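Take a look at the structure below.
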Amino acid sequence: MQAASSPVRSARGMRHALVLAGAIATLVATTACTPDQGAGTAGTGVGTGVGTSSAASTTGTPSATTSGTSAAPTSTPPATPSATTPAPATPTKTPTAPPTTAKPAPKPVPAPVIVLRPGDTGPKVRSLQARLRQLNWFEGDVSDRYGSRTTSAVSGFQAKRGFAATGVLDERTWDKLVAMTHRPTADELANVKPKPAEPKPGAVSWDVDPRCLTGRVMCISKSTRRLTWVVDGVPQYGFDVRFGSDELPTREGVFSVYKKKVDVISNLYHTPMPYSMFFSGGQAVHYSSNFARLGYAGASHGCVNVRNKPLLIQLYDEVRIGDKVVVHW
């Protein structure tokens, strides 16, 4: 027969259970309130390998857990970098000045080539003087010496043409002088004066005008297109001439030479008028290279053009200021 349980034994067992439960509760409370347990930090067992329990109610009855930790760990996210990501630095282009192109240094003006200078001697000096004499820049006999008269003549010729009036014959001056003159003849280089044409009565055919029979006259006929040099009614020589057009006619009548000039450029038409003998305003008897080249295909601007240059030069040397000019039909 089974014996009934003793009430004393039952009371002891109840006390033992209560003591054990209180100890466990104390241990759990102590662990959960440790100051080092921060928020979000996982709790750790007390080195026994046995899981911890938490108090679940006010009745003091523990609620056992089988979890190995007292609380779920709270993950703390790492510090989030700033959402504003700095834009990569844009390189700043520093404007650079365009490369300076060095201007080429101006080419030095070459020194003029000297042909002759004061103090020089020789046949070329004589030729220079003869050419200058053709243009009335040199007076007297020519020689082989480049002296003060030659220097003065060269300087005047240079100044007239806008060149530097140095009096030294450079290549530019020489080229201009050659273009305006003819090669000196043997007589010119030897200072032989040209002999005037011997009057040969009846040998020269000319258009006689009564006004041409006295004195020294350039008798110019528009009918025969000839100029005849007449002295005291005797014709000396003559040559072809050309007149102005209907728009610019050569004046007719009796005139006299009031000016002579070897080197002339027309102020109106900018054409050369060498060996001009002026008789009426701007109208003159002068040499015309155009007439020599084209003949009667053209016309003058009112002057009396001559194409026989050597004979005109002879006439120019003979005519004096005040000699008569008769232009007639």
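Letters A, B, ... mark the chains of the structure tokens in the order given; residue numbers begin at 1 per chain; ligand numbers begin at 1, in order shown.
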Extract, using only C-alpha atoms, all DNA, RNA and protein residues at most 12 Å from Thr224 in chain A, discarding same-chain residues fewer than 6 positions from it, and format them as number ranges by chain. A: 205-208, 238-243, 327-329
Selected residues written out, all heavy atoms, as an mmCIF file, in the first residue's frame:
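Saved result, out30.cif, follows:
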```cif
data_model
loop_
_atom_site.group_PDB
_atom_site.id
_atom_site.type_symbol
_atom_site.label_atom_id
_atom_site.label_comp_id
_atom_site.auth_asym_id
_atom_site.auth_seq_id
_atom_site.Cartn_x
_atom_site.Cartn_y
_atom_site.Cartn_z
ATOM 1 N N SER A 205 61.411 123.082 -152.232
ATOM 2 C CA SER A 205 60.034 123.359 -152.655
ATOM 3 C C SER A 205 59.212 123.701 -151.413
ATOM 4 O O SER A 205 59.238 122.961 -150.417
ATOM 5 C CB SER A 205 59.453 122.128 -153.361
ATOM 6 O OG SER A 205 58.112 122.346 -153.697
ATOM 7 N N TRP A 206 58.470 124.789 -151.462
ATOM 8 C CA TRP A 206 57.678 125.174 -150.306
ATOM 9 C C TRP A 206 56.448 125.950 -150.738
ATOM 10 O O TRP A 206 56.366 126.449 -151.859
ATOM 11 C CB TRP A 206 58.517 125.997 -149.323
ATOM 12 C CG TRP A 206 59.022 127.314 -149.846
ATOM 13 C CD1 TRP A 206 59.832 127.527 -150.908
ATOM 14 C CD2 TRP A 206 58.726 128.603 -149.315
ATOM 15 N NE1 TRP A 206 60.090 128.867 -151.091
ATOM 16 C CE2 TRP A 206 59.439 129.553 -150.111
ATOM 17 C CE3 TRP A 206 57.969 129.079 -148.246
ATOM 18 C CZ2 TRP A 206 59.392 130.919 -149.877
ATOM 19 C CZ3 TRP A 206 57.949 130.440 -148.013
ATOM 20 C CH2 TRP A 206 58.642 131.349 -148.814
ATOM 21 N N ASP A 207 55.501 126.002 -149.855
ATOM 22 C CA ASP A 207 54.238 126.686 -150.104
ATOM 23 C C ASP A 207 54.439 128.151 -149.702
ATOM 24 O O ASP A 207 54.412 128.491 -148.508
ATOM 25 C CB ASP A 207 53.124 126.032 -149.283
ATOM 26 C CG ASP A 207 51.756 126.603 -149.593
ATOM 27 O OD1 ASP A 207 51.657 127.420 -150.529
ATOM 28 O OD2 ASP A 207 50.794 126.238 -148.882
ATOM 29 N N VAL A 208 54.653 128.986 -150.668
ATOM 30 C CA VAL A 208 55.022 130.376 -150.406
ATOM 31 C C VAL A 208 53.817 131.171 -149.918
ATOM 32 O O VAL A 208 52.736 131.124 -150.489
ATOM 33 C CB VAL A 208 55.604 131.035 -151.674
ATOM 34 C CG1 VAL A 208 55.972 132.497 -151.394
ATOM 35 C CG2 VAL A 208 56.802 130.262 -152.202
ATOM 36 N N GLY A 238 63.176 122.101 -144.890
ATOM 37 C CA GLY A 238 61.825 121.882 -144.382
ATOM 38 C C GLY A 238 61.603 120.426 -143.999
ATOM 39 O O GLY A 238 62.421 119.544 -144.282
ATOM 40 N N PHE A 239 60.480 120.136 -143.343
ATOM 41 C CA PHE A 239 60.158 118.752 -142.936
ATOM 42 C C PHE A 239 58.661 118.624 -142.695
ATOM 43 O O PHE A 239 57.931 119.628 -142.616
ATOM 44 C CB PHE A 239 60.944 118.343 -141.684
ATOM 45 C CG PHE A 239 61.107 119.436 -140.660
ATOM 46 C CD1 PHE A 239 60.066 119.799 -139.824
ATOM 47 C CD2 PHE A 239 62.313 120.106 -140.537
ATOM 48 C CE1 PHE A 239 60.231 120.798 -138.880
ATOM 49 C CE2 PHE A 239 62.488 121.095 -139.589
ATOM 50 C CZ PHE A 239 61.444 121.458 -138.754
ATOM 51 N N ASP A 240 58.208 117.389 -142.587
ATOM 52 C CA ASP A 240 56.785 117.095 -142.393
ATOM 53 C C ASP A 240 56.329 117.526 -141.004
ATOM 54 O O ASP A 240 57.085 117.415 -140.019
ATOM 55 C CB ASP A 240 56.520 115.602 -142.558
ATOM 56 C CG ASP A 240 56.823 115.097 -143.951
ATOM 57 O OD1 ASP A 240 56.788 115.910 -144.888
ATOM 58 O OD2 ASP A 240 57.118 113.878 -144.094
ATOM 59 N N VAL A 241 55.064 117.959 -140.945
ATOM 60 C CA VAL A 241 54.478 118.314 -139.657
ATOM 61 C C VAL A 241 53.047 117.776 -139.580
ATOM 62 O O VAL A 241 52.437 117.438 -140.590
ATOM 63 C CB VAL A 241 54.465 119.845 -139.434
ATOM 64 C CG1 VAL A 241 55.876 120.393 -139.253
ATOM 65 C CG2 VAL A 241 53.754 120.561 -140.564
ATOM 66 N N ARG A 242 52.538 117.707 -138.358
ATOM 67 C CA ARG A 242 51.163 117.240 -138.113
ATOM 68 C C ARG A 242 50.476 118.261 -137.217
ATOM 69 O O ARG A 242 51.109 118.861 -136.340
ATOM 70 C CB ARG A 242 51.197 115.864 -137.432
ATOM 71 C CG ARG A 242 49.836 115.231 -137.219
ATOM 72 C CD ARG A 242 49.968 113.823 -136.603
ATOM 73 N NE ARG A 242 50.403 113.882 -135.200
ATOM 74 C CZ ARG A 242 50.434 112.807 -134.395
ATOM 75 N NH1 ARG A 242 50.090 111.615 -134.872
ATOM 76 N NH2 ARG A 242 50.835 112.923 -133.157
ATOM 77 N N PHE A 243 49.165 118.433 -137.423
ATOM 78 C CA PHE A 243 48.419 119.471 -136.705
ATOM 79 C C PHE A 243 47.387 118.864 -135.761
ATOM 80 O O PHE A 243 47.241 117.638 -135.660
ATOM 81 C CB PHE A 243 47.720 120.393 -137.707
ATOM 82 C CG PHE A 243 48.659 121.008 -138.700
ATOM 83 C CD1 PHE A 243 48.750 120.500 -139.995
ATOM 84 C CD2 PHE A 243 49.465 122.077 -138.360
ATOM 85 C CE1 PHE A 243 49.625 121.057 -140.911
ATOM 86 C CE2 PHE A 243 50.341 122.643 -139.266
ATOM 87 C CZ PHE A 243 50.427 122.135 -140.554
ATOM 88 N N VAL A 327 51.314 130.439 -139.686
ATOM 89 C CA VAL A 327 50.538 129.211 -139.945
ATOM 90 C C VAL A 327 49.443 129.581 -140.932
ATOM 91 O O VAL A 327 48.606 130.457 -140.650
ATOM 92 C CB VAL A 327 49.934 128.659 -138.638
ATOM 93 C CG1 VAL A 327 49.183 127.362 -138.913
ATOM 94 C CG2 VAL A 327 51.018 128.436 -137.579
ATOM 95 N N HIS A 328 49.436 128.904 -142.066
ATOM 96 C CA HIS A 328 48.487 129.309 -143.138
ATOM 97 C C HIS A 328 48.024 128.063 -143.903
ATOM 98 O O HIS A 328 48.558 126.965 -143.757
ATOM 99 C CB HIS A 328 49.170 130.291 -144.077
ATOM 100 C CG HIS A 328 50.313 129.675 -144.853
ATOM 101 N ND1 HIS A 328 50.163 129.174 -146.110
ATOM 102 C CD2 HIS A 328 51.627 129.520 -144.519
ATOM 103 C CE1 HIS A 328 51.336 128.701 -146.525
ATOM 104 N NE2 HIS A 328 52.246 128.919 -145.570
ATOM 105 N N TRP A 329 47.036 128.299 -144.779
ATOM 106 C CA TRP A 329 46.577 127.263 -145.704
ATOM 107 C C TRP A 329 47.316 127.434 -147.022
ATOM 108 O O TRP A 329 47.697 128.515 -147.431
ATOM 109 C CB TRP A 329 45.067 127.360 -145.942
ATOM 110 C CG TRP A 329 44.294 126.744 -144.805
ATOM 111 C CD1 TRP A 329 43.693 127.398 -143.771
ATOM 112 C CD2 TRP A 329 44.066 125.358 -144.590
ATOM 113 N NE1 TRP A 329 43.085 126.521 -142.919
ATOM 114 C CE2 TRP A 329 43.285 125.249 -143.400
ATOM 115 C CE3 TRP A 329 44.404 124.196 -145.269
ATOM 116 C CZ2 TRP A 329 42.872 124.013 -142.882
ATOM 117 C CZ3 TRP A 329 43.992 122.982 -144.757
ATOM 118 C CH2 TRP A 329 43.229 122.886 -143.579
#
```
Range 168-172 of chain A surroundings by only C-alpha atoms, 6 Å radius, close-in-sequence under 4 positions cut, as a ChimeraX atom specification: /A:113-117
Might you pull out every residue within 9 Å of range 268-280 of chain A, with only C-alpha atoms counted and same-chain residues fewer than 2 positions away left off, and present them as a PyMOL selection string? chain A and resi 135+180+251+255-266+282-289+301+303+312-313+316+319+321+324-325
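Nearest to Gly322 in chain A of all the residues A:Val217, A:Ser223, A:Val154, A:Val230 is A:Val217, based on only C-alpha atoms.
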Separating CA of Trp137 in chain A from CA of Lys309 in chain A, to the nearest tenth of an Å, is a gap of 18.8 Å
As a VMD selection string, please: the residues near Thr181 in chain A (cut-off 7 Å, only C-alpha atoms, same-chain neighbours under 2 positions excluded). chain A and resid 131 134 177 to 179 183
I'd like to know which residues of range 88-171 of chain A are helix (DSSP H, G or I) (by DSSP, run on the backbone); could you write them as a CSV table (one decimal) with N, CA, C and O atoms, in the first residue's frame?
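Printed below is part-v2.csv as written:
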```csv
chain,number,residue,atom,x,y,z
A,123,PRO,N,86.3,108.9,-121.1
A,123,PRO,CA,85.3,109.1,-122.2
A,123,PRO,C,83.9,109.0,-121.8
A,123,PRO,O,83.0,109.7,-122.4
A,124,LYS,N,83.6,108.3,-120.7
A,124,LYS,CA,82.2,108.2,-120.3
A,124,LYS,C,81.7,109.5,-119.7
A,124,LYS,O,80.5,109.9,-119.8
A,125,VAL,N,82.6,110.2,-119.1
A,125,VAL,CA,82.3,111.6,-118.5
A,125,VAL,C,82.0,112.5,-119.7
A,125,VAL,O,81.0,113.3,-119.7
A,126,ARG,N,82.7,112.4,-120.8
A,126,ARG,CA,82.5,113.2,-122.0
A,126,ARG,C,81.1,112.9,-122.6
A,126,ARG,O,80.3,113.8,-122.9
A,127,SER,N,80.8,111.6,-122.6
A,127,SER,CA,79.4,111.2,-123.1
A,127,SER,C,78.3,111.7,-122.3
A,127,SER,O,77.3,112.2,-122.7
A,128,LEU,N,78.5,111.7,-120.9
A,128,LEU,CA,77.6,112.2,-120.0
A,128,LEU,C,77.3,113.7,-120.2
A,128,LEU,O,76.2,114.2,-120.3
A,129,GLN,N,78.4,114.5,-120.4
A,129,GLN,CA,78.3,115.9,-120.6
A,129,GLN,C,77.6,116.2,-121.9
A,129,GLN,O,76.7,117.1,-122.0
A,130,ALA,N,77.9,115.4,-123.0
A,130,ALA,CA,77.2,115.6,-124.3
A,130,ALA,C,75.7,115.4,-124.2
A,130,ALA,O,74.9,116.1,-124.8
A,131,ARG,N,75.3,114.4,-123.5
A,131,ARG,CA,73.9,114.1,-123.3
A,131,ARG,C,73.2,115.2,-122.5
A,131,ARG,O,72.1,115.6,-122.8
A,132,LEU,N,73.9,115.7,-121.4
A,132,LEU,CA,73.3,116.8,-120.7
A,132,LEU,C,73.2,118.0,-121.5
A,132,LEU,O,72.3,118.8,-121.4
A,133,ARG,N,74.2,118.2,-122.4
A,133,ARG,CA,74.1,119.4,-123.3
A,133,ARG,C,73.0,119.3,-124.2
A,133,ARG,O,72.4,120.3,-124.6
A,134,GLN,N,72.6,118.1,-124.7
A,134,GLN,CA,71.5,118.0,-125.6
A,134,GLN,C,70.2,118.5,-124.9
A,134,GLN,O,69.3,118.9,-125.6
A,148,SER,N,82.9,120.6,-111.3
A,148,SER,CA,81.8,121.3,-110.7
A,148,SER,C,80.7,121.6,-111.6
A,148,SER,O,79.5,121.5,-111.3
A,149,ARG,N,81.0,121.9,-112.9
A,149,ARG,CA,79.9,122.1,-113.9
A,149,ARG,C,79.1,120.9,-114.1
A,149,ARG,O,77.9,120.9,-114.2
A,150,THR,N,79.8,119.7,-114.2
A,150,THR,CA,79.1,118.4,-114.4
A,150,THR,C,78.2,118.1,-113.2
A,150,THR,O,77.1,117.7,-113.3
A,151,THR,N,78.8,118.3,-112.0
A,151,THR,CA,78.1,118.1,-110.8
A,151,THR,C,76.8,118.9,-110.7
A,151,THR,O,75.7,118.4,-110.3
A,152,SER,N,76.9,120.2,-111.0
A,152,SER,CA,75.8,121.1,-111.0
A,152,SER,C,74.7,120.6,-112.1
A,152,SER,O,73.5,120.7,-111.8
A,153,ALA,N,75.2,120.2,-113.2
A,153,ALA,CA,74.2,119.8,-114.3
A,153,ALA,C,73.5,118.5,-113.9
A,153,ALA,O,72.3,118.4,-114.1
A,154,VAL,N,74.2,117.6,-113.3
A,154,VAL,CA,73.6,116.3,-112.9
A,154,VAL,C,72.6,116.6,-111.7
A,154,VAL,O,71.5,116.0,-111.7
A,155,SER,N,73.0,117.5,-110.8
A,155,SER,CA,72.1,117.8,-109.7
A,155,SER,C,70.8,118.4,-110.2
A,155,SER,O,69.7,118.1,-109.7
A,156,GLY,N,70.9,119.4,-111.1
A,156,GLY,CA,69.7,120.0,-111.7
A,156,GLY,C,68.8,119.0,-112.4
A,156,GLY,O,67.6,119.0,-112.3
A,157,PHE,N,69.4,118.1,-113.2
A,157,PHE,CA,68.6,117.1,-113.9
A,157,PHE,C,67.9,116.2,-112.9
A,157,PHE,O,66.7,115.8,-113.1
A,158,GLN,N,68.6,115.8,-111.8
A,158,GLN,CA,68.0,114.9,-110.8
A,158,GLN,C,66.8,115.6,-110.1
A,158,GLN,O,65.7,115.0,-109.9
A,159,ALA,N,67.0,116.9,-109.7
A,159,ALA,CA,65.9,117.6,-109.0
A,159,ALA,C,64.7,117.8,-109.9
A,159,ALA,O,63.6,117.7,-109.4
A,160,LYS,N,64.9,118.0,-111.2
A,160,LYS,CA,63.8,118.2,-112.1
A,160,LYS,C,62.9,116.9,-112.2
A,160,LYS,O,61.7,117.0,-112.4
A,171,GLU,N,72.8,104.9,-111.2
A,171,GLU,CA,72.3,104.1,-112.3
A,171,GLU,C,70.9,104.6,-112.7
A,171,GLU,O,70.6,104.7,-113.9
```
Applying 8 Å and only C-alpha atoms, which residues near Gly233 in chain A remain after dropping the ones on its own chain fewer than 6 positions away? List them as a ChimeraX atom specification. /A:212-215
Please, could you write that set of residues out with N, CA, C and O atoms as a short mmCIF file (atom, residue, chain, number, x, y, z; two decimals), in the first residue's frame?
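Below is the file again_6.cif, written as the result:
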```cif
data_model
loop_
_atom_site.label_atom_id
_atom_site.label_comp_id
_atom_site.auth_asym_id
_atom_site.auth_seq_id
_atom_site.Cartn_x
_atom_site.Cartn_y
_atom_site.Cartn_z
N CYS A 212 55.82 135.28 -145.29
CA CYS A 212 57.03 134.53 -144.95
C CYS A 212 58.27 135.05 -145.69
O CYS A 212 59.35 134.44 -145.58
N LEU A 213 58.12 136.13 -146.43
CA LEU A 213 59.22 136.56 -147.31
C LEU A 213 60.19 137.54 -146.65
O LEU A 213 61.20 137.91 -147.26
N THR A 214 59.89 137.97 -145.46
CA THR A 214 60.81 138.90 -144.77
C THR A 214 61.16 138.34 -143.39
O THR A 214 60.32 137.75 -142.70
N GLY A 215 62.42 138.57 -143.04
CA GLY A 215 62.86 138.16 -141.70
C GLY A 215 63.12 136.66 -141.57
O GLY A 215 63.24 135.92 -142.54
#
```
Strand (DSSP E) per DSSP on the backbone: members of range 174-311 of chain A, as a VMD selection string: chain A and resid 216 to 221 226 to 231 234 to 242 253 to 256 259 to 261 276 to 280 283 to 287 304 to 306
